[in-house]
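One structure is given below, encoded as structure tokens.
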Amino acid sequence: MNFCAGWGGSTVAAAALNLEAFYGIEINIELKEPYDNMIAYLKTKSTCNIEMHFCDATEFDYTTIIYDTVFCSPPYYFIEKYENALCYDSKKQMDQQFYKPLFLNSYNGLQVGGHYIINVCKEVYENVLKELIGPAKEIFPLKKSKRQNNYTEMVYVWEKY
């Protein structure tokens, strides 16, 4: 499950791996038609059951789907801008109104024994994730091109007990 599905990389990966199911949540309704076309194509290549939900991930009812893995790279404070997403006045406001409900609700819906894998900057991890669900079981750097933004990206992994 990816609660900030974006342009579809995780959707394609799920299909390529022929996972049983993939659930994506995306706030940018402008991506619905491209997603419909992509999913139709992927169904000719994979048996993965792909479901996309176009809505605000902070308000999504995570009890309506069954998932054992979350793999997501949500927007980093003010570095990334998403179509149709709310604008926040401060990092603190974004922590309270975006990150906290997003992480808490998606983690609570995760099956016991499942993995919660989030790619965010250290600041989001320290300010929100660590407080909400505890220290990550594993932390490793995400390798990226040197041409990209000059901030360190980490991948944080939890197992739900």
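Scheme for the structure tokens: letters A, B, ... for chains in order shown; per-chain residue numbers from 1; ligand numbers from 1 in order shown.
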If we count only C-alpha atoms and set the cut-off at 12 Å, which residues sit around A:Gln97, ignoring sequence neighbours fewer than 4 positions away in its own chain? Please answer as a PDB file with N, CA and C atoms, in the first residue's frame.
```pdb
ATOM      1  N   ASP A  56      -7.989  12.331  -0.276  1.00  0.00           N
ATOM      2  CA  ASP A  56      -7.016  12.815   0.698  1.00  0.00           C
ATOM      3  C   ASP A  56      -6.645  11.645   1.612  1.00  0.00           C
ATOM      4  N   ALA A  57      -5.390  11.251   1.616  1.00  0.00           N
ATOM      5  CA  ALA A  57      -4.944  10.095   2.401  1.00  0.00           C
ATOM      6  C   ALA A  57      -5.095  10.306   3.903  1.00  0.00           C
ATOM      7  N   THR A  58      -5.175  11.564   4.361  1.00  0.00           N
ATOM      8  CA  THR A  58      -5.370  11.809   5.795  1.00  0.00           C
ATOM      9  C   THR A  58      -6.802  11.489   6.210  1.00  0.00           C
ATOM     10  N   GLU A  59      -7.714  11.430   5.241  1.00  0.00           N
ATOM     11  CA  GLU A  59      -9.126  11.168   5.537  1.00  0.00           C
ATOM     12  C   GLU A  59      -9.582   9.784   5.068  1.00  0.00           C
ATOM     13  N   TYR A  77       7.903  18.269   3.766  1.00  0.00           N
ATOM     14  CA  TYR A  77       7.590  19.642   4.129  1.00  0.00           C
ATOM     15  C   TYR A  77       7.327  20.486   2.884  1.00  0.00           C
ATOM     16  N   ALA A  85      -3.203  19.239  -3.084  1.00  0.00           N
ATOM     17  CA  ALA A  85      -2.859  19.086  -1.672  1.00  0.00           C
ATOM     18  C   ALA A  85      -3.015  20.430  -0.965  1.00  0.00           C
ATOM     19  N   LEU A  86      -3.316  20.374   0.304  1.00  0.00           N
ATOM     20  CA  LEU A  86      -3.439  21.587   1.102  1.00  0.00           C
ATOM     21  C   LEU A  86      -2.084  22.266   1.254  1.00  0.00           C
ATOM     22  N   CYS A  87      -2.106  23.559   1.450  1.00  0.00           N
ATOM     23  CA  CYS A  87      -0.884  24.316   1.742  1.00  0.00           C
ATOM     24  C   CYS A  87      -0.848  24.564   3.246  1.00  0.00           C
ATOM     25  N   TYR A  88       0.309  24.435   3.819  1.00  0.00           N
ATOM     26  CA  TYR A  88       0.469  24.617   5.259  1.00  0.00           C
ATOM     27  C   TYR A  88       1.335  25.841   5.517  1.00  0.00           C
ATOM     28  N   ASP A  89       1.053  26.520   6.633  1.00  0.00           N
ATOM     29  CA  ASP A  89       1.773  27.743   6.975  1.00  0.00           C
ATOM     30  C   ASP A  89       3.117  27.478   7.638  1.00  0.00           C
ATOM     31  N   SER A  90       3.261  26.314   8.249  1.00  0.00           N
ATOM     32  CA  SER A  90       4.498  26.011   8.979  1.00  0.00           C
ATOM     33  C   SER A  90       4.723  24.507   9.011  1.00  0.00           C
ATOM     34  N   LYS A  91       5.922  24.117   9.365  1.00  0.00           N
ATOM     35  CA  LYS A  91       6.220  22.696   9.520  1.00  0.00           C
ATOM     36  C   LYS A  91       5.384  22.106  10.657  1.00  0.00           C
ATOM     37  N   LYS A  92       5.224  22.860  11.732  1.00  0.00           N
ATOM     38  CA  LYS A  92       4.439  22.378  12.877  1.00  0.00           C
ATOM     39  C   LYS A  92       2.986  22.105  12.457  1.00  0.00           C
ATOM     40  N   GLN A  93       2.428  23.007  11.667  1.00  0.00           N
ATOM     41  CA  GLN A  93       1.059  22.801  11.194  1.00  0.00           C
ATOM     42  C   GLN A  93       0.984  21.562  10.285  1.00  0.00           C
ATOM     43  N   PRO A 101      -1.881  12.504  11.249  1.00  0.00           N
ATOM     44  CA  PRO A 101      -3.022  11.648  10.899  1.00  0.00           C
ATOM     45  C   PRO A 101      -2.677  10.628   9.815  1.00  0.00           C
ATOM     46  N   LEU A 102      -1.840  11.024   8.880  1.00  0.00           N
ATOM     47  CA  LEU A 102      -1.450  10.129   7.790  1.00  0.00           C
ATOM     48  C   LEU A 102      -0.706   8.907   8.322  1.00  0.00           C
ATOM     49  N   PHE A 103       0.334   9.128   9.106  1.00  0.00           N
ATOM     50  CA  PHE A 103       1.128   8.020   9.628  1.00  0.00           C
ATOM     51  C   PHE A 103       0.336   7.185  10.638  1.00  0.00           C
ATOM     52  N   LEU A 104      -0.372   7.835  11.531  1.00  0.00           N
ATOM     53  CA  LEU A 104      -1.106   7.107  12.565  1.00  0.00           C
ATOM     54  C   LEU A 104      -2.198   6.229  11.957  1.00  0.00           C
ATOM     55  N   VAL A 128       8.017  13.451  14.007  1.00  0.00           N
ATOM     56  CA  VAL A 128       6.687  12.841  13.932  1.00  0.00           C
ATOM     57  C   VAL A 128       6.716  11.320  14.098  1.00  0.00           C
TER      58      VAL A 128
END
```
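Counting only C-alpha atoms, A:Val112 has the following residues at most 12 Å away, ignoring those fewer than 3 positions along the same chain: Ile66, Tyr67, Asp68, Thr69, Tyr107, Asn108, Gly109, His115, Tyr116, Trp158, Glu159, Lys160 and Tyr161 of chain A.
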* If you run DSSP over the backbone, which residues in chain A end up strand (DSSP E or B)? Put them as a PyMOL selection string. => chain A and resi 2+21-26+49-54+69-72+115-121+138-141+153-159
Mind dumping the selected residues with N, CA and C atoms as an mmCIF file, in the first residue's frame?
```
data_model
loop_
_atom_site.group_PDB
_atom_site.id
_atom_site.type_symbol
_atom_site.label_atom_id
_atom_site.label_comp_id
_atom_site.auth_asym_id
_atom_site.auth_seq_id
_atom_site.Cartn_x
_atom_site.Cartn_y
_atom_site.Cartn_z
ATOM 1 N N ASN A 2 0.500 2.204 -0.804
ATOM 2 C CA ASN A 2 1.222 3.472 -0.873
ATOM 3 C C ASN A 2 0.199 4.593 -0.755
ATOM 4 N N ALA A 21 -1.791 -8.026 -4.273
ATOM 5 C CA ALA A 21 -2.596 -6.808 -4.375
ATOM 6 C C ALA A 21 -1.736 -5.580 -4.119
ATOM 7 N N PHE A 22 -2.185 -4.463 -4.670
ATOM 8 C CA PHE A 22 -1.559 -3.166 -4.422
ATOM 9 C C PHE A 22 -2.672 -2.138 -4.266
ATOM 10 N N TYR A 23 -2.587 -1.363 -3.204
ATOM 11 C CA TYR A 23 -3.551 -0.289 -2.953
ATOM 12 C C TYR A 23 -2.808 1.033 -2.972
ATOM 13 N N GLY A 24 -3.256 1.926 -3.812
ATOM 14 C CA GLY A 24 -2.659 3.241 -3.892
ATOM 15 C C GLY A 24 -3.670 4.304 -3.514
ATOM 16 N N ILE A 25 -3.198 5.337 -2.874
ATOM 17 C CA ILE A 25 -4.030 6.493 -2.531
ATOM 18 C C ILE A 25 -3.314 7.710 -3.088
ATOM 19 N N GLU A 26 -4.047 8.529 -3.813
ATOM 20 C CA GLU A 26 -3.452 9.691 -4.462
ATOM 21 C C GLU A 26 -4.440 10.848 -4.425
ATOM 22 N N ASN A 49 -3.747 -7.494 -8.230
ATOM 23 C CA ASN A 49 -4.995 -6.738 -8.104
ATOM 24 C C ASN A 49 -4.639 -5.315 -7.666
ATOM 25 N N ILE A 50 -4.822 -4.358 -8.565
ATOM 26 C CA ILE A 50 -4.456 -2.964 -8.293
ATOM 27 C C ILE A 50 -5.717 -2.149 -8.049
ATOM 28 N N GLU A 51 -5.743 -1.468 -6.906
ATOM 29 C CA GLU A 51 -6.851 -0.567 -6.575
ATOM 30 C C GLU A 51 -6.283 0.811 -6.271
ATOM 31 N N MET A 52 -6.783 1.805 -6.975
ATOM 32 C CA MET A 52 -6.385 3.192 -6.713
ATOM 33 C C MET A 52 -7.573 3.932 -6.113
ATOM 34 N N HIS A 53 -7.271 4.735 -5.108
ATOM 35 C CA HIS A 53 -8.275 5.564 -4.449
ATOM 36 C C HIS A 53 -7.816 7.013 -4.580
ATOM 37 N N PHE A 54 -8.640 7.832 -5.213
ATOM 38 C CA PHE A 54 -8.285 9.235 -5.419
ATOM 39 C C PHE A 54 -8.997 10.078 -4.368
ATOM 40 N N THR A 69 1.896 -4.469 4.108
ATOM 41 C CA THR A 69 3.092 -3.673 3.827
ATOM 42 C C THR A 69 2.686 -2.266 3.405
ATOM 43 N N VAL A 70 3.364 -1.297 3.974
ATOM 44 C CA VAL A 70 3.251 0.083 3.513
ATOM 45 C C VAL A 70 4.643 0.464 3.031
ATOM 46 N N PHE A 71 4.694 0.984 1.824
ATOM 47 C CA PHE A 71 5.957 1.481 1.274
ATOM 48 C C PHE A 71 5.633 2.817 0.633
ATOM 49 N N CYS A 72 6.143 3.900 1.212
ATOM 50 C CA CYS A 72 5.710 5.219 0.764
ATOM 51 C C CYS A 72 6.802 6.260 0.957
ATOM 52 N N HIS A 115 4.969 -4.803 7.616
ATOM 53 C CA HIS A 115 6.094 -3.863 7.591
ATOM 54 C C HIS A 115 5.635 -2.481 7.136
ATOM 55 N N TYR A 116 6.149 -1.493 7.817
ATOM 56 C CA TYR A 116 5.849 -0.088 7.551
ATOM 57 C C TYR A 116 7.167 0.542 7.124
ATOM 58 N N ILE A 117 7.266 0.918 5.854
ATOM 59 C CA ILE A 117 8.522 1.389 5.281
ATOM 60 C C ILE A 117 8.297 2.789 4.712
ATOM 61 N N ILE A 118 8.950 3.759 5.299
ATOM 62 C CA ILE A 118 8.718 5.153 4.929
ATOM 63 C C ILE A 118 10.046 5.822 4.566
ATOM 64 N N ASN A 119 10.052 6.489 3.420
ATOM 65 C CA ASN A 119 11.203 7.248 2.943
ATOM 66 C C ASN A 119 10.920 8.727 3.188
ATOM 67 N N VAL A 120 11.562 9.289 4.218
ATOM 68 C CA VAL A 120 11.397 10.716 4.538
ATOM 69 C C VAL A 120 12.727 11.283 5.015
ATOM 70 N N CYS A 121 12.760 12.589 5.129
ATOM 71 C CA CYS A 121 13.944 13.235 5.682
ATOM 72 C C CYS A 121 13.993 12.978 7.190
ATOM 73 N N GLU A 138 14.911 -0.596 11.480
ATOM 74 C CA GLU A 138 16.058 -0.448 10.581
ATOM 75 C C GLU A 138 16.025 0.938 9.963
ATOM 76 N N ILE A 139 17.198 1.494 9.722
ATOM 77 C CA ILE A 139 17.326 2.792 9.053
ATOM 78 C C ILE A 139 18.467 2.672 8.059
ATOM 79 N N PHE A 140 18.208 3.054 6.828
ATOM 80 C CA PHE A 140 19.297 3.046 5.855
ATOM 81 C C PHE A 140 19.144 4.191 4.870
ATOM 82 N N PRO A 141 20.251 4.710 4.341
ATOM 83 C CA PRO A 141 20.192 5.845 3.416
ATOM 84 C C PRO A 141 19.662 5.411 2.054
ATOM 85 N N GLU A 153 18.091 11.641 2.368
ATOM 86 C CA GLU A 153 16.879 10.835 2.452
ATOM 87 C C GLU A 153 17.231 9.525 3.120
ATOM 88 N N MET A 154 16.386 9.119 4.020
ATOM 89 C CA MET A 154 16.565 7.857 4.708
ATOM 90 C C MET A 154 15.312 7.015 4.509
ATOM 91 N N VAL A 155 15.480 5.722 4.646
ATOM 92 C CA VAL A 155 14.350 4.810 4.607
ATOM 93 C C VAL A 155 14.264 4.206 6.014
ATOM 94 N N TYR A 156 13.084 4.317 6.607
ATOM 95 C CA TYR A 156 12.829 3.853 7.967
ATOM 96 C C TYR A 156 11.882 2.667 7.904
ATOM 97 N N VAL A 157 12.209 1.615 8.655
ATOM 98 C CA VAL A 157 11.434 0.383 8.589
ATOM 99 C C VAL A 157 10.996 -0.030 9.998
ATOM 100 N N TRP A 158 9.708 -0.351 10.121
ATOM 101 C CA TRP A 158 9.147 -0.888 11.351
ATOM 102 C C TRP A 158 8.466 -2.211 11.037
ATOM 103 N N GLU A 159 8.390 -3.076 12.006
ATOM 104 C CA GLU A 159 7.553 -4.266 11.916
ATOM 105 C C GLU A 159 6.498 -4.114 12.999
#
```
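For the pair atom CA of A:Ala136 and atom CA of A:Thr64, the separation is 26.1 Å.
Between atom CA of A:Thr47 and atom CA of A:Leu17 lies a distance of 9.7 Å.
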* To do: Extract the full set of alpha helix (DSSP H) residues from chain A according to DSSP on the backbone, and format it as an MDAnalysis selection string.
  => chainID A and resid 9:16 32:42 91:94 100:109 122:124 130:133
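In this model, the gap between atom CA of A:Tyr62 and atom CA of A:Asn105 comes to 6.8 Å.
With only C-alpha atoms as the atoms that count, the minimum distance from A:Tyr125 to the choices A:Lys143, A:Lys43, A:Lys32, A:Lys100 is reached by A:Lys100.
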